[in-house]
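Working notes for the structure below.
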Amino acid sequence: MWKYLVRLILRNRLGNLIIILLVTLFMGWQATRVQMSYELARMLPETDSTSIAYEEFKDLFGQDGSVMFVGLQDERIYNLEEFNNWYDLSWEIRQIDGVEEVLSIGKIYTLKKNDSTEMLDFLPVIPEKPQNQEELDSLKAVILSLPFYDGLLYNNENNVTMIMVTLDKAKLNTKSRVQLISDIKVLIEEFGEKYEQEMHYSGLPYIRTITSKKIQDELYFFIFLTLIIASSILFLFFRSFKAVFFTMLIVGITVIWVLGTISLFHYKITLLTGILPPLLVVIVVENCIFLLNKYHDEYRIHGNKVKALSRVVIRIGSANLLTNATTAVGFAAFIVTGNRMLTEFGVIASINILVAYILSLFLIPIFFSYLPPPKGKHTKHLDKSLVAKIIKQVVLIVQSRRRIIYILTIIFLIAGIYGISRLRTTGNIVDDISRKDRLYKDLIFFEKHFKGVMPLEISIDSKTSNGIFANKGKTLYKIKRLQRLIMRDSVFSKYLSRPLSLVDGISFLYQAHKGGNPKFYVLPPPTRLADLNQYTRGMDSTDKHPFRSFIDSTNSIARVSIQMANIGTNEISMITDRLRPEIDNIFPPEDYNVLLTGTSVVFLKGSSYLVKNLLTSLLLALLVISMLMALLFTSARMIIISLIPNLIPQLMTAALMGYLDIPIKPSTILIFSIALGISVDNAIHFLSRYRLQLKLNNWEIKASVLAALKETGYSMIYSSVVLFFGFGIFILSSFGGTEALGYLISFTLLIALLSNLFLLPSLLLSLDKYITTRSFREPLLEIFDEEDDIDLDELVIEEPNTRGSA
């Protein structure tokens, strides 16, 4: 097969280039149509019961994460000039297209009953700007006399106030949200600069928008940085501008194909697919390093360029096929997780890894067939470089210091097992934001003064029409009891804000009914409740009714809304587990159907679901990689030997996470499948050359091991250095998950390089003939045999003007 592939590549150089160019142009056109994702990542499959309950809740009450929060801590806010500017700011924000409502102390409402319409009227507390400080002081007293807003719009103890901006849900999942948030920020920052105040921003719409913008910015930054690092390392190794230029050309083509593929599949760029272009840069460079090293090595031996290029395709093509297949499997394992974002990531990554293999396999021989043969300075790195000296030392250590290698391996394994025992599983809703980022610092600001901004919802279904108001408002008093419990419990009050429900709305109404006296901000007794019941009718006739967001149109389902701090899954689980028996005690399950839902609960269930499925995908990746390696090494013993040096790095990475207190969560556990698929590449290249050397050395194991180590050591070190720095750049990411991917995978690959350079050859030498069985000698996938070389007289390379035999 490989002989025919050589002829296909080298006989039809121009035709291949034209086809690749046309496809690249098409992919480039597709890439111009790729879009950013502005949707909240769905962690659970649509069929999951928690997901279904959350979707039903949103259908009933609207999306729970559509409010942007703007915070300010300023003791001068009630000074006339500043307050009037705050008033103007609130109304200017309201005029922005895409803003549905604005609530602030400058745009605040009081509730009044309207006996003529038998409805509730929301009237502005401040119909127009106050003209003097005395008038403002009077309005301040009115604002502070409305307990409904205490802890919701302001924290009077710390001179903190905020603006709540409700955004158009139709715009939240589109590109227009970026401009919407930008327009709001421009107005707010002008206010902050004028009064020299730091403005704070949060809320899921804001966090999602800023995150999407950061993903887009980092996509371009990491592509550029990866190209710079990879090209610099290539030149350092090969001392050839041609090797760098044509490798980078293949990289550019691959990046275009990646973006085009995302568009072809109608996917969008997410936090995960956003790292694929720079990641594919690294993988393409790794492929090219193996191909170029083999080309230089072959040409140095016999001086025949065409023969060298043909052997590059045959000898490295088969090994690279397997290494790229194992890498693709590491990513494809995410397809079975059931998570849409991970599935898209796995599909695009696995397809384009194989595409990168094909492009490099075709284009490196084609490009270099047009170029002059390499000069002596280009192959000098194979003899006199620092890497050559390193390999010489590695060979000496493997020959004479294997006991030390095994002792060190055992010590690291013991330390690794202890490190793994320190691992913990947790994750936060806003988990990928760097602790140094302003976004995270603003989040802490709102947690400190308002207990957080993450939605937790309680849906209370009375199971009967008008059941919320039936039996003299029995359910309302149960809701009040639940709210009081949450506010007084030491655990709940630590993480949860003041609950908001229909009870607060009715208390607000009762206060208005009693002339605005704050002491009447209470749920009225049943005798008085009946008098107010008339004002809650007619909700199905208008979505603007003030109670519409608290109760459904049939008055059978009510909600209790709570804001939660950005706490971990363990804390969320503790809260829900502690809250559930209290809910069941207040609302007997035989009479009520009470659900805990909202973004917080969905995240808790989604994190557990993903961790479980990512572990399954890791085991699946390990199984499939073992099956792929069985094609090359049909000996079960050899497969086990080849996997040992590549499972140790996984163990050491998990141990590092334990020592550094990095928890197991969706953004860190996916690292293991990726690292396994990539780190096994060195073992495949080494063992494939080892088996070929066995044939050349009459099955002399020691000579074959050392010859294979000397031959593949260069490529193993070169490619690992590129991979190490290529993944290492992700440490610069502002996202915690991407940052962890950078240093954890880099660490894994470093350990894998050392393991494959020292431990794997040592095991082969120590176990000797025990593992070199007949099945190893007769594989399903054959690496090209030296004695069965291609007939160069039959290979005709197409020239630009004339055809000649090479």
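So you can find residues: chains in the structure tokens are A, B, ... in the order shown, residues in each start at 1, and ligands are numbered from 1 in order.
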task: Identify all residues of region 418-511 of chain A in helix (DSSP H, G or I) (DSSP on the backbone) and supply them as a PyMOL selection string.
output: chain A and resi 418-421+438-450+470-488+490-495+502-511
task: Please identify all polymer residues within 12 Å of Gly736 (chain A), counting only C-alpha atoms, omitting same-chain residues fewer than 4 positions from it, and present them as a PyMOL selection string.
output: chain A and resi 211+271+427-428+430-437+440+662-663+665-668+730-732+740-744
Just write the chosen residues, C-alpha atoms, as a compact mmCIF listing (two decimals), in the first residue's frame.
# COMPACT_ATOMS: atom_id res chain seq x y z
CA THR A 211 -15.84 35.16 28.34
CA LEU A 271 -13.97 27.69 24.99
CA GLY A 427 -15.82 22.78 40.64
CA ASN A 428 -17.39 26.23 40.61
CA VAL A 430 -17.72 30.37 37.16
CA ASP A 431 -14.68 28.15 37.29
CA ASP A 432 -12.47 29.03 34.36
CA ILE A 433 -11.93 32.69 35.22
CA SER A 434 -8.48 33.50 36.57
CA ARG A 435 -8.37 34.70 40.17
CA LYS A 436 -6.37 37.68 38.91
CA ASP A 437 -8.98 38.70 36.36
CA TYR A 440 -13.44 37.30 39.18
CA ILE A 662 -6.02 21.13 41.76
CA PRO A 663 -9.43 19.41 41.93
CA LYS A 665 -13.49 18.72 37.53
CA PRO A 666 -14.64 18.77 33.90
CA SER A 667 -11.96 21.24 32.80
CA THR A 668 -9.10 19.17 34.27
CA PHE A 730 -1.83 27.95 27.32
CA ILE A 731 -0.50 28.83 30.79
CA LEU A 732 -0.93 32.43 29.63
CA ALA A 740 -4.46 23.96 33.69
CA LEU A 741 -4.50 22.19 30.31
CA GLY A 742 -1.28 24.05 29.47
CA TYR A 743 0.86 23.15 32.44
CA LEU A 744 -0.64 19.73 33.19
query: Could you pull out all residues of region 32-183 of chain A with a DSSP call of strand (DSSP E) and give them as a ChimeraX atom specification?
result: /A:67-73,99-103,109-114,119-124,154-155,160-167
Please write the residues from the selection above to a file, keeping N, CA, C and O atoms, as a compact mmCIF listing (two decimals), in the first residue's frame.
# COMPACT_ATOMS: atom_id res chain seq x y z
N VAL A 67 -30.06 38.82 33.95
CA VAL A 67 -29.86 40.12 34.62
C VAL A 67 -28.37 40.41 34.75
O VAL A 67 -27.59 39.57 35.20
N MET A 68 -28.00 41.61 34.34
CA MET A 68 -26.64 42.11 34.51
C MET A 68 -26.62 43.02 35.74
O MET A 68 -27.51 43.85 35.92
N PHE A 69 -25.60 42.86 36.57
CA PHE A 69 -25.49 43.64 37.80
C PHE A 69 -24.33 44.62 37.69
O PHE A 69 -23.24 44.27 37.24
N VAL A 70 -24.59 45.85 38.11
CA VAL A 70 -23.56 46.89 38.14
C VAL A 70 -23.48 47.42 39.57
O VAL A 70 -24.48 47.93 40.09
N GLY A 71 -22.33 47.28 40.20
CA GLY A 71 -22.20 47.65 41.61
C GLY A 71 -21.31 48.87 41.81
O GLY A 71 -20.39 49.14 41.04
N LEU A 72 -21.59 49.60 42.88
CA LEU A 72 -20.85 50.80 43.24
C LEU A 72 -20.82 50.92 44.75
O LEU A 72 -21.85 50.78 45.42
N GLN A 73 -19.63 51.17 45.31
CA GLN A 73 -19.50 51.44 46.74
C GLN A 73 -19.04 52.88 46.91
O GLN A 73 -17.88 53.21 46.63
N VAL A 99 -32.29 46.38 26.14
CA VAL A 99 -32.50 46.45 27.60
C VAL A 99 -34.00 46.47 27.86
O VAL A 99 -34.72 47.33 27.36
N GLU A 100 -34.48 45.50 28.61
CA GLU A 100 -35.91 45.41 28.90
C GLU A 100 -36.31 46.23 30.11
O GLU A 100 -37.39 46.83 30.14
N GLU A 101 -35.46 46.27 31.14
CA GLU A 101 -35.81 47.02 32.34
C GLU A 101 -34.54 47.34 33.12
O GLU A 101 -33.52 46.64 33.00
N VAL A 102 -34.61 48.40 33.87
CA VAL A 102 -33.50 48.83 34.73
C VAL A 102 -34.08 49.14 36.10
O VAL A 102 -35.11 49.80 36.22
N LEU A 103 -33.40 48.66 37.12
CA LEU A 103 -33.83 48.92 38.49
C LEU A 103 -32.64 49.43 39.28
O LEU A 103 -31.57 48.80 39.29
N TYR A 109 -39.29 51.73 42.13
CA TYR A 109 -40.76 51.82 42.11
C TYR A 109 -41.35 51.46 43.47
O TYR A 109 -40.78 50.67 44.23
N THR A 110 -42.47 52.05 43.71
CA THR A 110 -43.26 51.66 44.87
C THR A 110 -44.57 51.05 44.38
O THR A 110 -44.99 51.31 43.24
N LEU A 111 -45.17 50.27 45.20
CA LEU A 111 -46.37 49.53 44.81
C LEU A 111 -47.61 50.18 45.43
O LEU A 111 -47.63 50.49 46.61
N LYS A 112 -48.62 50.38 44.58
CA LYS A 112 -49.87 50.95 45.08
C LYS A 112 -51.04 50.19 44.50
O LYS A 112 -51.03 49.78 43.35
N LYS A 113 -52.05 50.02 45.33
CA LYS A 113 -53.25 49.36 44.85
C LYS A 113 -54.09 50.37 44.05
O LYS A 113 -54.12 51.56 44.35
N ASN A 114 -54.76 49.86 43.04
CA ASN A 114 -55.64 50.70 42.22
C ASN A 114 -57.04 50.10 42.34
O ASN A 114 -57.35 49.08 41.71
N MET A 119 -56.21 46.30 40.03
CA MET A 119 -54.88 45.83 39.66
C MET A 119 -53.85 46.55 40.52
O MET A 119 -54.18 47.43 41.31
N LEU A 120 -52.60 46.15 40.36
CA LEU A 120 -51.51 46.78 41.08
C LEU A 120 -50.82 47.78 40.16
O LEU A 120 -50.61 47.51 38.98
N ASP A 121 -50.45 48.91 40.69
CA ASP A 121 -49.72 49.92 39.92
C ASP A 121 -48.32 50.07 40.48
O ASP A 121 -48.12 50.19 41.70
N PHE A 122 -47.36 50.02 39.58
CA PHE A 122 -45.99 50.34 39.95
C PHE A 122 -45.79 51.81 39.64
O PHE A 122 -45.87 52.22 38.48
N LEU A 123 -45.47 52.59 40.62
CA LEU A 123 -45.26 54.02 40.43
C LEU A 123 -43.82 54.36 40.80
O LEU A 123 -43.29 53.85 41.80
N PRO A 124 -43.16 55.20 40.02
CA PRO A 124 -41.78 55.57 40.35
C PRO A 124 -41.70 56.37 41.64
O PRO A 124 -42.50 57.29 41.87
N TYR A 154 -29.51 47.56 47.36
CA TYR A 154 -28.50 48.28 48.13
C TYR A 154 -28.17 47.53 49.41
O TYR A 154 -28.95 46.74 49.92
N ASN A 155 -26.96 47.80 49.89
CA ASN A 155 -26.52 47.33 51.20
C ASN A 155 -26.13 48.58 51.97
O ASN A 155 -25.02 49.10 51.82
N VAL A 160 -23.16 50.46 49.64
CA VAL A 160 -23.09 49.78 48.34
C VAL A 160 -24.47 49.81 47.69
O VAL A 160 -25.48 49.53 48.35
N THR A 161 -24.49 50.14 46.45
CA THR A 161 -25.75 50.10 45.69
C THR A 161 -25.45 49.52 44.32
O THR A 161 -24.29 49.43 43.91
N MET A 162 -26.49 49.11 43.63
CA MET A 162 -26.26 48.56 42.30
C MET A 162 -27.43 48.84 41.37
O MET A 162 -28.52 49.23 41.80
N ILE A 163 -27.12 48.66 40.09
CA ILE A 163 -28.13 48.74 39.04
C ILE A 163 -28.36 47.33 38.52
O ILE A 163 -27.40 46.61 38.21
N MET A 164 -29.61 46.93 38.46
CA MET A 164 -29.97 45.63 37.88
C MET A 164 -30.53 45.88 36.49
O MET A 164 -31.53 46.59 36.34
N VAL A 165 -29.87 45.31 35.48
CA VAL A 165 -30.26 45.53 34.09
C VAL A 165 -30.80 44.22 33.51
O VAL A 165 -30.04 43.25 33.36
N THR A 166 -32.09 44.17 33.24
CA THR A 166 -32.69 42.99 32.63
C THR A 166 -32.56 43.10 31.12
O THR A 166 -33.00 44.07 30.51
N LEU A 167 -31.94 42.09 30.51
CA LEU A 167 -31.63 42.13 29.09
C LEU A 167 -32.61 41.30 28.28
O LEU A 167 -33.20 40.33 28.78
task: Considering only C-alpha atoms, return as a list in words whatever protein or nucleic-acid residues lie within 12 Å of Thr50 (chain A), sequence-local ones (same chain, fewer than 6 positions apart) excluded.
output: Arg42, Met43, Leu44, Glu56, Phe57, Leu595, Leu596, Thr597, Gly598, Thr599, Ser600, Val601, Val602, Phe603, Leu604, Lys605, Gly606 and Tyr609 of chain A
Take the residues from that selection and put them in a file with N, CA and C atoms, as a compact mmCIF listing (two decimals), in the first residue's frame.
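Saved to part.txt:
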# COMPACT_ATOMS: atom_id res chain seq x y z
N ARG A 42 -24.37 23.81 27.67
CA ARG A 42 -25.28 22.80 28.24
C ARG A 42 -24.44 21.63 28.71
N MET A 43 -24.44 21.37 30.01
CA MET A 43 -23.61 20.31 30.57
C MET A 43 -24.34 18.98 30.61
N LEU A 44 -25.66 19.02 30.62
CA LEU A 44 -26.45 17.79 30.70
C LEU A 44 -27.12 17.51 29.36
N GLU A 56 -38.44 23.41 31.64
CA GLU A 56 -39.84 23.69 31.96
C GLU A 56 -39.95 24.92 32.85
N PHE A 57 -39.03 25.07 33.78
CA PHE A 57 -39.03 26.25 34.64
C PHE A 57 -38.83 27.53 33.81
N LEU A 595 -39.36 21.53 43.40
CA LEU A 595 -38.12 21.24 42.69
C LEU A 595 -37.07 22.30 42.98
N LEU A 596 -35.85 21.84 43.21
CA LEU A 596 -34.70 22.74 43.26
C LEU A 596 -34.12 22.80 41.86
N THR A 597 -34.03 23.98 41.29
CA THR A 597 -33.56 24.10 39.91
C THR A 597 -32.76 25.40 39.77
N GLY A 598 -32.59 25.86 38.56
CA GLY A 598 -31.78 27.04 38.31
C GLY A 598 -30.38 26.66 37.87
N THR A 599 -29.62 27.64 37.46
CA THR A 599 -28.28 27.41 36.94
C THR A 599 -27.40 26.66 37.93
N SER A 600 -27.51 26.97 39.20
CA SER A 600 -26.66 26.35 40.22
C SER A 600 -26.89 24.85 40.31
N VAL A 601 -28.16 24.44 40.34
CA VAL A 601 -28.49 23.02 40.46
C VAL A 601 -28.11 22.26 39.19
N VAL A 602 -28.37 22.88 38.05
CA VAL A 602 -28.01 22.25 36.77
C VAL A 602 -26.49 22.07 36.70
N PHE A 603 -25.74 23.06 37.17
CA PHE A 603 -24.29 22.95 37.17
C PHE A 603 -23.83 21.81 38.06
N LEU A 604 -24.43 21.68 39.25
CA LEU A 604 -24.06 20.60 40.17
C LEU A 604 -24.25 19.25 39.52
N LYS A 605 -25.44 19.03 38.96
CA LYS A 605 -25.72 17.74 38.33
C LYS A 605 -24.85 17.55 37.09
N GLY A 606 -24.64 18.65 36.34
CA GLY A 606 -23.85 18.57 35.12
C GLY A 606 -22.39 18.24 35.39
N TYR A 609 -22.13 14.60 36.26
CA TYR A 609 -22.37 13.83 35.04
C TYR A 609 -21.13 13.83 34.15
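Distance check against Gln197 (chain A) using only C-alpha atoms: of A:Asp137, A:Glu75, A:Asp88, A:Asp681, the minimum falls on A:Glu75.
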Hey, could you make a per-residue contact list for region 481-537 of chain A against region 566-590 of chain A with 8 Å as the cut-off, showing the nearest pair of atoms and its distance in Å to one decimal, counting only C-alpha atoms, sorted by chain and number, as CSV?
residue,atom,partner,partner_atom,distance
A:Arg481,CA,A:Ile586,CA,7.8
A:Leu482,CA,A:Ile583,CA,7.2
A:Val491,CA,A:Ile575,CA,7.7
A:Phe492,CA,A:Ile575,CA,6.9
A:Tyr495,CA,A:Ile567,CA,7.8
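Pairwise distance (CA of Ile366 (chain A), CA of Asn287 (chain A)) equals 15.0 Å.
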task: Do a neighbour search on Leu180 (chain A) at 9 Å with only C-alpha atoms, toss out local chain neighbours closer than 5 positions, and write the hits as a list in words.
output: Ile96, Asp97, Gly98, Val99, Leu167, Lys171 and Lys185 of chain A
message: Applying 12 Å and only C-alpha atoms, which residues near Asp504 (chain A) remain after dropping the ones on its own chain fewer than 2 positions away? List them as JSON, numbers by chain.
response: {"A": [111, 146, 147, 148, 149, 150, 152, 476, 477, 479, 480, 483, 484, 498, 499, 500, 501, 502, 506, 507, 508, 509, 510, 511, 520, 521, 522, 523, 524, 546, 547, 550, 559, 560, 561]}
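Of the listed residues A:Val306, A:Met454, A:Val503, A:Ile671, the one whose atoms come nearest to Ala654 (chain A) is A:Ile671, with distances taken using only C-alpha atoms.
Residue nearest Thr226 (chain A), chosen from A:Ala333, A:Phe747, A:Phe724, A:Tyr690 and counting only C-alpha atoms: A:Phe724.
Here the question is which of A:Ala621, A:Val285, A:Glu457, A:Ser231 gets nearest to Val244 (chain A) using only C-alpha atoms, and that residue is A:Ser231.
Among the candidates A:Leu408, A:Leu614, A:Val281, A:Ile390, the one nearest to Asn352 (chain A) when counting only C-alpha atoms is A:Val281.
CA of Ser310 (chain A) to CA of Ile717 (chain A) spans 23.9 Å [interatomic distance, one decimal].
Nearest residue to Glu81 (chain A) among A:Arg33, A:Lys463, A:Phe191, A:Leu363 is A:Phe191, counting only C-alpha atoms.
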message: So that I can check the surroundings of Leu359 (chain A), please list as a ChimeraX atom specification every protein, DNA and RNA residue that reaches within 9 Å of it, counting only C-alpha atoms and ignoring chain neighbours fewer than 5 positions away.
response: /A:20,250,253-254,284,354,364
